[in-house]
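Novice: Just one file: model-v5.pdb, with PDB, C-alpha atoms.
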ATOM      1  CA  ALA K   1      78.078 139.307  88.795
ATOM      2  CA  GLN K   2      81.477 140.122  87.445
ATOM      3  CA  SER K   3      83.823 137.219  86.946
ATOM      4  CA  VAL K   4      87.034 136.269  85.242
ATOM      5  CA  THR K   5      87.847 132.841  83.866
ATOM      6  CA  GLN K   6      91.265 131.567  82.977
ATOM      7  CA  PRO K   7      90.611 128.201  81.338
ATOM      8  CA  ASP K   8      94.172 126.910  81.558
ATOM      9  CA  ILE K   9      95.463 126.064  85.014
ATOM     10  CA  HIS K  10      98.928 125.137  83.816
ATOM     11  CA  ILE K  11     100.758 125.668  80.524
ATOM     12  CA  THR K  12     104.214 124.503  79.482
ATOM     13  CA  VAL K  13     106.046 126.072  76.552
ATOM     14  CA  SER K  14     109.559 125.755  75.227
ATOM     15  CA  GLU K  15     111.933 128.650  75.587
ATOM     16  CA  GLY K  16     111.768 130.790  72.479
ATOM     17  CA  ALA K  17     108.286 129.615  71.579
ATOM     18  CA  SER K  18     105.303 131.915  71.452
ATOM     19  CA  LEU K  19     102.812 132.121  74.290
ATOM     20  CA  GLU K  20      99.126 132.858  74.592
ATOM     21  CA  LEU K  21      97.291 132.787  77.926
ATOM     22  CA  ARG K  22      93.528 132.922  77.750
ATOM     23  CA  CYS K  23      91.221 135.106  79.786
ATOM     24  CA  ASN K  24      87.460 135.481  79.505
ATOM     25  CA  TYR K  25      85.439 137.932  81.537
ATOM     26  CA  SER K  26      81.847 138.488  82.418
ATOM     27  CA  TYR K  27      80.923 142.122  82.958
ATOM     28  CA  GLY K  28      77.914 144.175  81.991
ATOM     29  CA  ALA K  29      79.600 147.453  81.185
ATOM     30  CA  THR K  30      82.878 148.372  79.524
ATOM     31  CA  PRO K  31      85.465 146.437  81.454
ATOM     32  CA  TYR K  32      88.776 147.633  82.730
ATOM     33  CA  LEU K  33      91.108 144.696  82.363
ATOM     34  CA  PHE K  34      94.495 143.839  83.763
ATOM     35  CA  TRP K  35      97.156 141.158  83.632
ATOM     36  CA  TYR K  36      99.361 140.580  86.650
ATOM     37  CA  VAL K  37     102.317 138.242  87.116
ATOM     38  CA  GLN K  38     103.336 136.571  90.360
ATOM     39  CA  SER K  39     106.744 135.018  90.901
ATOM     40  CA  PRO K  40     107.144 132.481  93.718
ATOM     41  CA  GLY K  41     107.081 134.109  97.130
ATOM     42  CA  GLN K  42     106.309 137.507  95.669
ATOM     43  CA  GLY K  43     103.349 139.792  95.343
ATOM     44  CA  LEU K  44     101.634 140.547  92.066
ATOM     45  CA  GLN K  45     103.181 142.851  89.498
ATOM     46  CA  LEU K  46     101.153 144.656  86.874
ATOM     47  CA  LEU K  47     102.036 143.604  83.319
ATOM     48  CA  LEU K  48      99.536 145.685  81.395
ATOM     49  CA  LYS K  49      96.067 147.213  81.511
ATOM     50  CA  TYR K  50      93.235 148.023  79.146
ATOM     51  CA  PHE K  51      90.857 150.907  79.744
ATOM     52  CA  SER K  52      89.685 152.035  76.324
ATOM     53  CA  GLY K  53      90.927 152.887  72.861
ATOM     54  CA  ASP K  54      93.312 150.638  70.979
ATOM     55  CA  THR K  55      92.334 147.046  71.675
ATOM     56  CA  LEU K  56      95.931 145.851  71.488
ATOM     57  CA  VAL K  57      97.859 146.970  74.545
ATOM     58  CA  GLN K  58     101.552 146.680  75.188
ATOM     59  CA  GLY K  59     102.985 145.893  78.578
ATOM     60  CA  ILE K  60     106.261 145.326  80.298
ATOM     61  CA  LYS K  61     108.653 142.457  79.614
ATOM     62  CA  GLY K  62     107.534 142.161  75.985
ATOM     63  CA  PHE K  63     103.956 141.132  76.750
ATOM     64  CA  GLU K  64     100.877 142.320  74.936
ATOM     65  CA  ALA K  65      97.177 141.620  75.223
ATOM     66  CA  GLU K  66      94.238 142.041  72.904
ATOM     67  CA  PHE K  67      90.761 143.007  74.023
ATOM     68  CA  LYS K  68      87.994 141.387  71.978
ATOM     69  CA  ARG K  69      84.591 142.553  73.083
ATOM     70  CA  SER K  70      82.733 140.117  70.833
ATOM     71  CA  GLN K  71      84.472 137.208  72.515
ATOM     72  CA  SER K  72      84.640 138.727  76.011
ATOM     73  CA  SER K  73      88.321 137.912  75.967
ATOM     74  CA  PHE K  74      91.567 139.568  76.944
ATOM     75  CA  ASN K  75      94.300 137.104  76.013
ATOM     76  CA  LEU K  76      97.916 137.682  76.919
ATOM     77  CA  ARG K  77     100.633 137.008  74.346
ATOM     78  CA  LYS K  78     104.362 137.015  74.011
ATOM     79  CA  PRO K  79     106.197 136.196  70.749
ATOM     80  CA  SER K  80     109.192 134.500  72.358
ATOM     81  CA  VAL K  81     109.188 133.185  75.903
ATOM     82  CA  HIS K  82     112.237 133.395  78.161
ATOM     83  CA  TRP K  83     112.959 131.040  81.052
ATOM     84  CA  SER K  84     112.489 133.975  83.444
ATOM     85  CA  ASP K  85     108.854 134.246  82.350
ATOM     86  CA  ALA K  86     108.007 131.122  84.360
ATOM     87  CA  ALA K  87     105.496 132.363  86.936
ATOM     88  CA  GLU K  88     101.794 132.508  87.633
ATOM     89  CA  TYR K  89      99.705 134.891  85.576
ATOM     90  CA  PHE K  90      96.451 136.462  86.684
ATOM     91  CA  CYS K  91      93.834 138.204  84.631
ATOM     92  CA  ALA K  92      91.621 140.690  86.479
ATOM     93  CA  VAL K  93      88.677 142.997  85.910
ATOM     94  CA  ASN K  94      87.980 146.179  87.853
ATOM     95  CA  ASN K  95      84.290 146.432  88.680
ATOM     96  CA  GLN K  96      82.204 149.494  89.405
ATOM     97  CA  GLY K  97      82.968 149.345  93.081
ATOM     98  CA  GLY K  98      86.660 149.701  92.342
ATOM     99  CA  LYS K  99      87.315 146.117  93.357
ATOM    100  CA  LEU K 100      89.755 144.048  91.369
ATOM    101  CA  ILE K 101      88.318 140.599  90.654
ATOM    102  CA  PHE K 102      90.942 138.012  89.747
ATOM    103  CA  GLY K 103      90.832 134.836  87.730
ATOM    104  CA  GLN K 104      92.166 131.608  89.183
ATOM    105  CA  GLY K 105      95.531 132.084  87.535
ATOM    106  CA  THR K 106      97.565 130.195  84.947
ATOM    107  CA  GLU K 107     100.879 128.718  85.935
ATOM    108  CA  LEU K 108     103.465 128.949  83.183
ATOM    109  CA  SER K 109     106.392 126.552  82.989
ATOM    110  CA  VAL K 110     109.190 127.074  80.467
ATOM    111  CA  LYS K 111     111.162 124.133  79.079
ATOM    112  CA  PRO K 112     114.816 124.697  78.129
TER
ATOM    113  CA  ASP P   1     111.315 152.635  94.213
ATOM    114  CA  ALA P   2     108.120 152.908  96.293
ATOM    115  CA  ARG P   3     106.591 149.662  97.432
ATOM    116  CA  VAL P   4     103.946 148.219  99.714
ATOM    117  CA  THR P   5     105.500 146.731 102.849
ATOM    118  CA  GLN P   6     103.909 143.859 104.726
ATOM    119  CA  THR P   7     104.960 142.409 108.060
ATOM    120  CA  PRO P   8     105.568 139.747 109.110
ATOM    121  CA  ARG P   9     106.554 137.787 105.992
ATOM    122  CA  HIS P  10     105.824 134.517 107.736
ATOM    123  CA  LYS P  11     103.738 133.664 110.776
ATOM    124  CA  VAL P  12     103.197 130.292 112.385
ATOM    125  CA  THR P  13     100.734 130.156 115.230
ATOM    126  CA  GLU P  14      98.527 127.773 117.099
ATOM    127  CA  MET P  15      94.811 127.576 116.690
ATOM    128  CA  GLY P  16      93.016 130.041 118.927
ATOM    129  CA  GLN P  17      95.785 132.618 118.985
ATOM    130  CA  GLU P  18      95.395 136.188 117.763
ATOM    131  CA  VAL P  19      97.196 137.110 114.579
ATOM    132  CA  THR P  20      97.909 140.654 113.446
ATOM    133  CA  MET P  21      99.212 141.434 109.974
ATOM    134  CA  ARG P  22     100.413 144.880 109.044
ATOM    135  CA  CYS P  23     100.676 146.778 105.826
ATOM    136  CA  GLN P  24     102.342 150.051 104.953
ATOM    137  CA  PRO P  25     100.826 151.333 101.707
ATOM    138  CA  ILE P  26     102.749 153.443  99.238
ATOM    139  CA  LEU P  27     102.935 157.041 100.417
ATOM    140  CA  GLY P  28     100.198 159.043  98.753
ATOM    141  CA  HIS P  29      97.994 156.082  97.903
ATOM    142  CA  ASN P  30      94.481 156.452  99.249
ATOM    143  CA  THR P  31      93.054 152.979  98.624
ATOM    144  CA  VAL P  32      94.142 149.818 100.430
ATOM    145  CA  PHE P  33      92.997 146.275  99.744
ATOM    146  CA  TRP P  34      93.426 143.022 101.651
ATOM    147  CA  TYR P  35      93.441 139.809  99.609
ATOM    148  CA  ARG P  36      93.811 136.194 100.707
ATOM    149  CA  GLN P  37      95.391 133.633  98.408
ATOM    150  CA  THR P  38      94.919 129.874  98.723
ATOM    151  CA  MET P  39      95.346 127.032  96.292
ATOM    152  CA  MET P  40      91.667 126.191  96.430
ATOM    153  CA  GLN P  41      90.118 129.650  96.263
ATOM    154  CA  GLY P  42      92.770 131.668  94.469
ATOM    155  CA  LEU P  43      92.804 135.392  95.259
ATOM    156  CA  GLU P  44      89.861 136.499  97.372
ATOM    157  CA  LEU P  45      89.152 140.092  98.263
ATOM    158  CA  LEU P  46      88.625 140.415 102.002
ATOM    159  CA  ALA P  47      88.239 144.157 102.495
ATOM    160  CA  TYR P  48      89.227 147.512 101.155
ATOM    161  CA  PHE P  49      89.547 151.075 102.356
ATOM    162  CA  ARG P  50      89.533 154.450 100.735
ATOM    163  CA  ASN P  51      90.910 157.436 102.594
ATOM    164  CA  ARG P  52      91.046 155.146 105.642
ATOM    165  CA  ALA P  53      87.307 154.469 105.582
ATOM    166  CA  PRO P  54      86.166 150.876 105.046
ATOM    167  CA  LEU P  55      84.286 150.592 101.744
ATOM    168  CA  ASP P  56      83.631 146.905 101.577
ATOM    169  CA  ASP P  57      84.445 144.066 103.924
ATOM    170  CA  SER P  58      81.869 141.613 102.647
ATOM    171  CA  GLY P  59      84.546 139.073 101.817
ATOM    172  CA  MET P  60      85.733 138.867 105.373
ATOM    173  CA  PRO P  61      84.421 136.470 108.052
ATOM    174  CA  LYS P  62      83.087 139.039 110.491
ATOM    175  CA  ASP P  63      83.135 136.880 113.566
ATOM    176  CA  ARG P  64      86.906 136.504 113.642
ATOM    177  CA  PHE P  65      88.432 138.947 111.167
ATOM    178  CA  SER P  66      88.796 142.688 111.524
ATOM    179  CA  ALA P  67      90.524 145.244 109.350
ATOM    180  CA  GLU P  68      91.456 148.791 110.285
ATOM    181  CA  MET P  69      93.497 151.756 109.146
ATOM    182  CA  PRO P  70      94.649 153.580 112.270
ATOM    183  CA  ASP P  71      96.359 156.136 110.045
ATOM    184  CA  ALA P  72      97.204 156.656 106.388
ATOM    185  CA  THR P  73     100.496 154.798 106.710
ATOM    186  CA  LEU P  74      99.224 151.641 108.384
ATOM    187  CA  ALA P  75      96.583 149.050 107.645
ATOM    188  CA  THR P  76      96.033 146.051 109.888
ATOM    189  CA  LEU P  77      94.248 142.746 109.486
ATOM    190  CA  LYS P  78      93.514 140.794 112.656
ATOM    191  CA  ILE P  79      92.258 137.278 113.150
ATOM    192  CA  GLN P  80      90.968 136.322 116.587
ATOM    193  CA  PRO P  81      90.753 133.452 117.246
ATOM    194  CA  SER P  82      92.726 131.935 114.389
ATOM    195  CA  GLU P  83      91.806 128.574 112.886
ATOM    196  CA  PRO P  84      93.719 126.131 110.645
ATOM    197  CA  ARG P  85      91.472 127.050 107.691
ATOM    198  CA  ASP P  86      92.861 130.599 107.895
ATOM    199  CA  SER P  87      96.231 129.318 106.664
ATOM    200  CA  ALA P  88      96.945 131.252 103.485
ATOM    201  CA  VAL P  89      99.019 134.066 102.064
ATOM    202  CA  TYR P  90      97.537 137.457 102.848
ATOM    203  CA  PHE P  91      98.315 140.284 100.452
ATOM    204  CA  CYS P  92      97.932 143.968 100.934
ATOM    205  CA  ALA P  93      97.700 146.216  97.889
ATOM    206  CA  SER P  94      97.439 149.966  97.531
ATOM    207  CA  GLY P  95      96.445 152.317  94.763
ATOM    208  CA  LEU P  96      95.588 155.935  94.070
ATOM    209  CA  VAL P  97      92.038 156.928  93.216
ATOM    210  CA  VAL P  98      91.679 160.585  92.281
ATOM    211  CA  GLY P  99      88.051 160.784  91.194
ATOM    212  CA  PRO P 100      84.875 158.765  90.637
ATOM    213  CA  ARG P 101      85.931 157.620  87.183
ATOM    214  CA  SER P 102      89.427 156.785  88.287
ATOM    215  CA  SER P 103      88.145 154.103  90.563
ATOM    216  CA  TYR P 104      87.951 152.003  87.436
ATOM    217  CA  ASN P 105      91.534 152.312  86.394
ATOM    218  CA  SER P 106      93.928 152.634  89.279
ATOM    219  CA  PRO P 107      96.391 149.756  89.066
ATOM    220  CA  LEU P 108      97.206 148.162  92.366
ATOM    221  CA  HIS P 109     100.652 147.739  93.852
ATOM    222  CA  PHE P 110     100.994 144.571  95.883
ATOM    223  CA  GLY P 111     103.127 143.764  98.883
ATOM    224  CA  ASN P 112     105.008 140.465  99.083
ATOM    225  CA  GLY P 113     102.419 138.973 101.411
ATOM    226  CA  THR P 114     102.260 137.393 104.843
ATOM    227  CA  ARG P 115     102.301 133.602 104.777
ATOM    228  CA  LEU P 116     100.165 132.470 107.703
ATOM    229  CA  THR P 117     100.181 128.923 109.016
ATOM    230  CA  VAL P 118      97.766 128.014 111.798
ATOM    231  CA  THR P 119      98.394 124.630 113.398
TER
END
Let me see whether you can do it: turn the structure in this file into structure tokens.
Specialist:
Amino acid sequence: AQSVTQPDIHITVSEGASLELRCNYSYGATPYLFWYVQSPGQGLQLLLKYFSGDTLVQGIKGFEAEFKRSQSSFNLRKPSVHWSDAAEYFCAVNNQGGKLIFGQGTELSVKP
Amino acid sequence: DARVTQTPRHKVTEMGQEVTMRCQPILGHNTVFWYRQTMMQGLELLAYFRNRAPLDDSGMPKDRFSAEMPDATLATLKIQPSEPRDSAVYFCASGLVVGPRSSYNSPLHFGNGTRLTVT
């Protein structure tokens, strides 16, 4: 069965520091992968998506993610974190039925 | 800026009462999803529709939950009777699927959710 694992429940980084959020997936075919961000009291907003082609994808708000098939990973990165990036981040895979399967989420805190 | 609209934003009810949550998908979107979010389970898919037809509701407790799309502009999720364990945030999301292959890549647009508390 398809699944997504985000190993880190909570991460704290200092403002201006770099960020990497981990995501591992389990999927038999070529996955379609997404990162979403959720601010408190809000719905989920799409940050970026990977379908095929270049394994490094750029998203909104300065985020990028790299697809590594050999590691079944799709980690999210940002070179310099801003205080407004504090939120919960979800990795997701779109399975053959068109359903979006989410990971458990990683909560990001940003220290001044 | 088109968005998915969910009502109500908050609902507090007593155990045993009927709860109805509504969702207005983005105009032109043909796929609607209902998700439930809790601390323990994270985001769970309850049901989804394409062109108003239910495709999968295997994530939904059938004895008390029902989901419908009376028309293309309205999706509803009902709980009857409600129980304290139903307390969660319920999200509706919509997307556009234009062909068999596209079902793999349509990003979803989420509403802001309905926070349900059952006492």
Novice: From the list P:Pro84, P:Gly111, P:Pro8, P:Gly95, which residue is nearest chain K when using only C-alpha atoms?
Specialist: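 So, comparing all the options, the nearest one is P:Gly111.
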Novice: Determine the nearest neighbour of K:Gln45 from the options P:Val4, P:Leu96, P:Ala88, P:Val19, counting all atoms listed in the file.
Specialist: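 With all atoms listed in the file as the atom set, the closest residue is P:Val4.
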Novice: Near chain K, which residues of chain P fall within 8 Å when you count only C-alpha atoms, and what do they look like as a ChimeraX atom specification?
Specialist: /P:41-45,91,103-105,107-113
Novice: What is the atom CA of P:Met39-atom CA of K:Leu47 distance in Å, reported with one decimal?
Specialist: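 Distance between the two atoms: 22.1 Å.
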Novice: Quick one: distance from atom CA of P:Thr5 to atom CA of P:Ile26 in Å, one decimal?
Specialist: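 Calculated distance between atom CA of P:Thr5 and atom CA of P:Ile26 is 8.1 Å.
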Novice: So what do you get for atom CA of K:Thr55 versus atom CA of K:Ser109, distance-wise?
Specialist: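 Rounded to one decimal, the two atoms are 27.3 Å apart.
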Novice: Could you check the closest approach to K:Gln2 for each of K:Ile60, K:Leu21, K:Leu76, K:Ala92 and tell me which residue wins, using only C-alpha atoms?
Specialist: K:Ala92
Novice: Name all residues at most 8 Å from K:Arg77 (count only C-alpha atoms; drop same-chain ones fewer than 3 positions away) and give them as a PyMOL selection string.
Specialist: chain K and resi 18-21+63-65
Novice: Pop stretch 39-72 of chain P out of the structure in the block and write N, CA, C and O atoms as a PDB file, in the first residue's frame.
Specialist:
ATOM      1  N   MET P  39      -5.101  15.122  15.827  1.00  0.00           N
ATOM      2  CA  MET P  39      -3.713  15.033  16.287  1.00  0.00           C
ATOM      3  C   MET P  39      -3.206  13.608  16.176  1.00  0.00           C
ATOM      4  O   MET P  39      -2.065  13.363  15.804  1.00  0.00           O
ATOM      5  N   MET P  40      -4.077  12.667  16.518  1.00  0.00           N
ATOM      6  CA  MET P  40      -3.627  11.269  16.577  1.00  0.00           C
ATOM      7  C   MET P  40      -3.475  10.644  15.191  1.00  0.00           C
ATOM      8  O   MET P  40      -2.531   9.919  14.932  1.00  0.00           O
ATOM      9  N   GLN P  41      -4.407  10.930  14.319  1.00  0.00           N
ATOM     10  CA  GLN P  41      -4.435  10.240  13.017  1.00  0.00           C
ATOM     11  C   GLN P  41      -3.914  11.078  11.866  1.00  0.00           C
ATOM     12  O   GLN P  41      -3.720  10.566  10.761  1.00  0.00           O
ATOM     13  N   GLY P  42      -3.693  12.358  12.096  1.00  0.00           N
ATOM     14  CA  GLY P  42      -3.263  13.220  10.999  1.00  0.00           C
ATOM     15  C   GLY P  42      -4.404  13.437  10.016  1.00  0.00           C
ATOM     16  O   GLY P  42      -5.563  13.494  10.398  1.00  0.00           O
ATOM     17  N   LEU P  43      -4.062  13.516   8.733  1.00  0.00           N
ATOM     18  CA  LEU P  43      -5.058  13.759   7.685  1.00  0.00           C
ATOM     19  C   LEU P  43      -5.538  12.426   7.113  1.00  0.00           C
ATOM     20  O   LEU P  43      -4.770  11.683   6.514  1.00  0.00           O
ATOM     21  N   GLU P  44      -6.820  12.160   7.285  1.00  0.00           N
ATOM     22  CA  GLU P  44      -7.407  10.928   6.780  1.00  0.00           C
ATOM     23  C   GLU P  44      -8.393  11.265   5.669  1.00  0.00           C
ATOM     24  O   GLU P  44      -9.238  12.146   5.843  1.00  0.00           O
ATOM     25  N   LEU P  45      -8.312  10.526   4.590  1.00  0.00           N
ATOM     26  CA  LEU P  45      -9.266  10.711   3.509  1.00  0.00           C
ATOM     27  C   LEU P  45     -10.554   9.975   3.865  1.00  0.00           C
ATOM     28  O   LEU P  45     -10.548   8.772   4.124  1.00  0.00           O
ATOM     29  N   LEU P  46     -11.659  10.700   3.843  1.00  0.00           N
ATOM     30  CA  LEU P  46     -12.950  10.096   4.154  1.00  0.00           C
ATOM     31  C   LEU P  46     -13.674   9.644   2.891  1.00  0.00           C
ATOM     32  O   LEU P  46     -14.188   8.524   2.821  1.00  0.00           O
ATOM     33  N   ALA P  47     -13.723  10.533   1.896  1.00  0.00           N
ATOM     34  CA  ALA P  47     -14.465  10.234   0.680  1.00  0.00           C
ATOM     35  C   ALA P  47     -14.052  11.194  -0.410  1.00  0.00           C
ATOM     36  O   ALA P  47     -13.523  12.269  -0.133  1.00  0.00           O
ATOM     37  N   TYR P  48     -14.287  10.772  -1.670  1.00  0.00           N
ATOM     38  CA  TYR P  48     -14.108  11.743  -2.730  1.00  0.00           C
ATOM     39  C   TYR P  48     -15.031  11.466  -3.903  1.00  0.00           C
ATOM     40  O   TYR P  48     -15.482  10.334  -4.110  1.00  0.00           O
ATOM     41  N   PHE P  49     -15.306  12.524  -4.637  1.00  0.00           N
ATOM     42  CA  PHE P  49     -16.251  12.526  -5.735  1.00  0.00           C
ATOM     43  C   PHE P  49     -15.576  13.024  -7.002  1.00  0.00           C
ATOM     44  O   PHE P  49     -14.698  13.876  -6.951  1.00  0.00           O
ATOM     45  N   ARG P  50     -16.029  12.507  -8.104  1.00  0.00           N
ATOM     46  CA  ARG P  50     -15.633  13.058  -9.389  1.00  0.00           C
ATOM     47  C   ARG P  50     -16.890  13.231 -10.210  1.00  0.00           C
ATOM     48  O   ARG P  50     -17.686  12.292 -10.355  1.00  0.00           O
ATOM     49  N   ASN P  51     -17.029  14.459 -10.754  1.00  0.00           N
ATOM     50  CA  ASN P  51     -18.244  14.779 -11.508  1.00  0.00           C
ATOM     51  C   ASN P  51     -19.504  14.402 -10.722  1.00  0.00           C
ATOM     52  O   ASN P  51     -20.466  13.849 -11.277  1.00  0.00           O
ATOM     53  N   ARG P  52     -19.438  14.650  -9.425  1.00  0.00           N
ATOM     54  CA  ARG P  52     -20.535  14.471  -8.473  1.00  0.00           C
ATOM     55  C   ARG P  52     -20.782  13.012  -8.101  1.00  0.00           C
ATOM     56  O   ARG P  52     -21.600  12.739  -7.219  1.00  0.00           O
ATOM     57  N   ALA P  53     -20.105  12.091  -8.744  1.00  0.00           N
ATOM     58  CA  ALA P  53     -20.304  10.678  -8.401  1.00  0.00           C
ATOM     59  C   ALA P  53     -19.282  10.248  -7.351  1.00  0.00           C
ATOM     60  O   ALA P  53     -18.099  10.553  -7.474  1.00  0.00           O
ATOM     61  N   PRO P  54     -19.744   9.529  -6.325  1.00  0.00           N
ATOM     62  CA  PRO P  54     -18.794   9.054  -5.306  1.00  0.00           C
ATOM     63  C   PRO P  54     -17.854   8.010  -5.882  1.00  0.00           C
ATOM     64  O   PRO P  54     -18.307   7.031  -6.484  1.00  0.00           O
ATOM     65  N   LEU P  55     -16.534   8.226  -5.724  1.00  0.00           N
ATOM     66  CA  LEU P  55     -15.551   7.277  -6.226  1.00  0.00           C
ATOM     67  C   LEU P  55     -15.042   6.352  -5.130  1.00  0.00           C
ATOM     68  O   LEU P  55     -14.729   5.196  -5.384  1.00  0.00           O
ATOM     69  N   ASP P  56     -14.931   6.899  -3.957  1.00  0.00           N
ATOM     70  CA  ASP P  56     -14.368   6.106  -2.868  1.00  0.00           C
ATOM     71  C   ASP P  56     -14.807   6.722  -1.547  1.00  0.00           C
ATOM     72  O   ASP P  56     -14.545   7.888  -1.305  1.00  0.00           O
ATOM     73  N   ASP P  57     -15.483   5.954  -0.757  1.00  0.00           N
ATOM     74  CA  ASP P  57     -15.829   6.415   0.597  1.00  0.00           C
ATOM     75  C   ASP P  57     -15.402   5.380   1.629  1.00  0.00           C
ATOM     76  O   ASP P  57     -15.990   5.276   2.703  1.00  0.00           O
ATOM     77  N   SER P  58     -14.373   4.644   1.311  1.00  0.00           N
ATOM     78  CA  SER P  58     -13.931   3.564   2.192  1.00  0.00           C
ATOM     79  C   SER P  58     -13.352   4.073   3.502  1.00  0.00           C
ATOM     80  O   SER P  58     -13.274   3.335   4.478  1.00  0.00           O
ATOM     81  N   GLY P  59     -12.969   5.318   3.549  1.00  0.00           N
ATOM     82  CA  GLY P  59     -12.415   5.876   4.772  1.00  0.00           C
ATOM     83  C   GLY P  59     -13.441   6.409   5.733  1.00  0.00           C
ATOM     84  O   GLY P  59     -13.094   6.912   6.805  1.00  0.00           O
ATOM     85  N   MET P  60     -14.693   6.280   5.355  1.00  0.00           N
ATOM     86  CA  MET P  60     -15.769   6.888   6.125  1.00  0.00           C
ATOM     87  C   MET P  60     -16.546   5.834   6.896  1.00  0.00           C
ATOM     88  O   MET P  60     -16.940   4.816   6.318  1.00  0.00           O
ATOM     89  N   PRO P  61     -16.812   6.065   8.199  1.00  0.00           N
ATOM     90  CA  PRO P  61     -17.681   5.146   8.945  1.00  0.00           C
ATOM     91  C   PRO P  61     -19.089   5.185   8.356  1.00  0.00           C
ATOM     92  O   PRO P  61     -19.782   6.203   8.442  1.00  0.00           O
ATOM     93  N   LYS P  62     -19.493   4.094   7.747  1.00  0.00           N
ATOM     94  CA  LYS P  62     -20.743   4.105   6.980  1.00  0.00           C
ATOM     95  C   LYS P  62     -21.981   4.211   7.858  1.00  0.00           C
ATOM     96  O   LYS P  62     -23.036   4.674   7.389  1.00  0.00           O
ATOM     97  N   ASP P  63     -21.892   3.762   9.078  1.00  0.00           N
ATOM     98  CA  ASP P  63     -23.096   3.727   9.886  1.00  0.00           C
ATOM     99  C   ASP P  63     -23.557   5.107  10.307  1.00  0.00           C
ATOM    100  O   ASP P  63     -24.744   5.317  10.576  1.00  0.00           O
ATOM    101  N   ARG P  64     -22.645   6.076  10.327  1.00  0.00           N
ATOM    102  CA  ARG P  64     -23.048   7.400  10.823  1.00  0.00           C
ATOM    103  C   ARG P  64     -22.688   8.540   9.884  1.00  0.00           C
ATOM    104  O   ARG P  64     -23.206   9.632  10.021  1.00  0.00           O
ATOM    105  N   PHE P  65     -21.801   8.303   8.952  1.00  0.00           N
ATOM    106  CA  PHE P  65     -21.345   9.352   8.047  1.00  0.00           C
ATOM    107  C   PHE P  65     -21.978   9.160   6.672  1.00  0.00           C
ATOM    108  O   PHE P  65     -22.136   8.034   6.202  1.00  0.00           O
ATOM    109  N   SER P  66     -22.288  10.284   6.042  1.00  0.00           N
ATOM    110  CA  SER P  66     -22.727  10.237   4.647  1.00  0.00           C
ATOM    111  C   SER P  66     -22.227  11.480   3.932  1.00  0.00           C
ATOM    112  O   SER P  66     -22.166  12.569   4.508  1.00  0.00           O
ATOM    113  N   ALA P  67     -21.840  11.282   2.682  1.00  0.00           N
ATOM    114  CA  ALA P  67     -21.343  12.394   1.876  1.00  0.00           C
ATOM    115  C   ALA P  67     -22.108  12.421   0.568  1.00  0.00           C
ATOM    116  O   ALA P  67     -22.377  11.375  -0.028  1.00  0.00           O
ATOM    117  N   GLU P  68     -22.456  13.634   0.144  1.00  0.00           N
ATOM    118  CA  GLU P  68     -23.224  13.790  -1.097  1.00  0.00           C
ATOM    119  C   GLU P  68     -22.764  15.031  -1.849  1.00  0.00           C
ATOM    120  O   GLU P  68     -22.138  15.927  -1.265  1.00  0.00           O
ATOM    121  N   MET P  69     -23.114  15.055  -3.123  1.00  0.00           N
ATOM    122  CA  MET P  69     -22.946  16.277  -3.923  1.00  0.00           C
ATOM    123  C   MET P  69     -24.260  16.538  -4.633  1.00  0.00           C
ATOM    124  O   MET P  69     -24.477  16.048  -5.750  1.00  0.00           O
ATOM    125  N   PRO P  70     -25.143  17.293  -4.015  1.00  0.00           N
ATOM    126  CA  PRO P  70     -26.449  17.562  -4.623  1.00  0.00           C
ATOM    127  C   PRO P  70     -26.324  18.263  -5.978  1.00  0.00           C
ATOM    128  O   PRO P  70     -27.137  18.038  -6.869  1.00  0.00           O
ATOM    129  N   ASP P  71     -25.318  19.101  -6.109  1.00  0.00           N
ATOM    130  CA  ASP P  71     -25.016  19.703  -7.410  1.00  0.00           C
ATOM    131  C   ASP P  71     -23.527  20.027  -7.456  1.00  0.00           C
ATOM    132  O   ASP P  71     -22.805  19.802  -6.489  1.00  0.00           O
ATOM    133  N   ALA P  72     -23.084  20.550  -8.578  1.00  0.00           N
ATOM    134  CA  ALA P  72     -21.646  20.750  -8.787  1.00  0.00           C
ATOM    135  C   ALA P  72     -21.067  21.832  -7.890  1.00  0.00           C
ATOM    136  O   ALA P  72     -19.844  21.942  -7.769  1.00  0.00           O
TER     137      ALA P  72
END
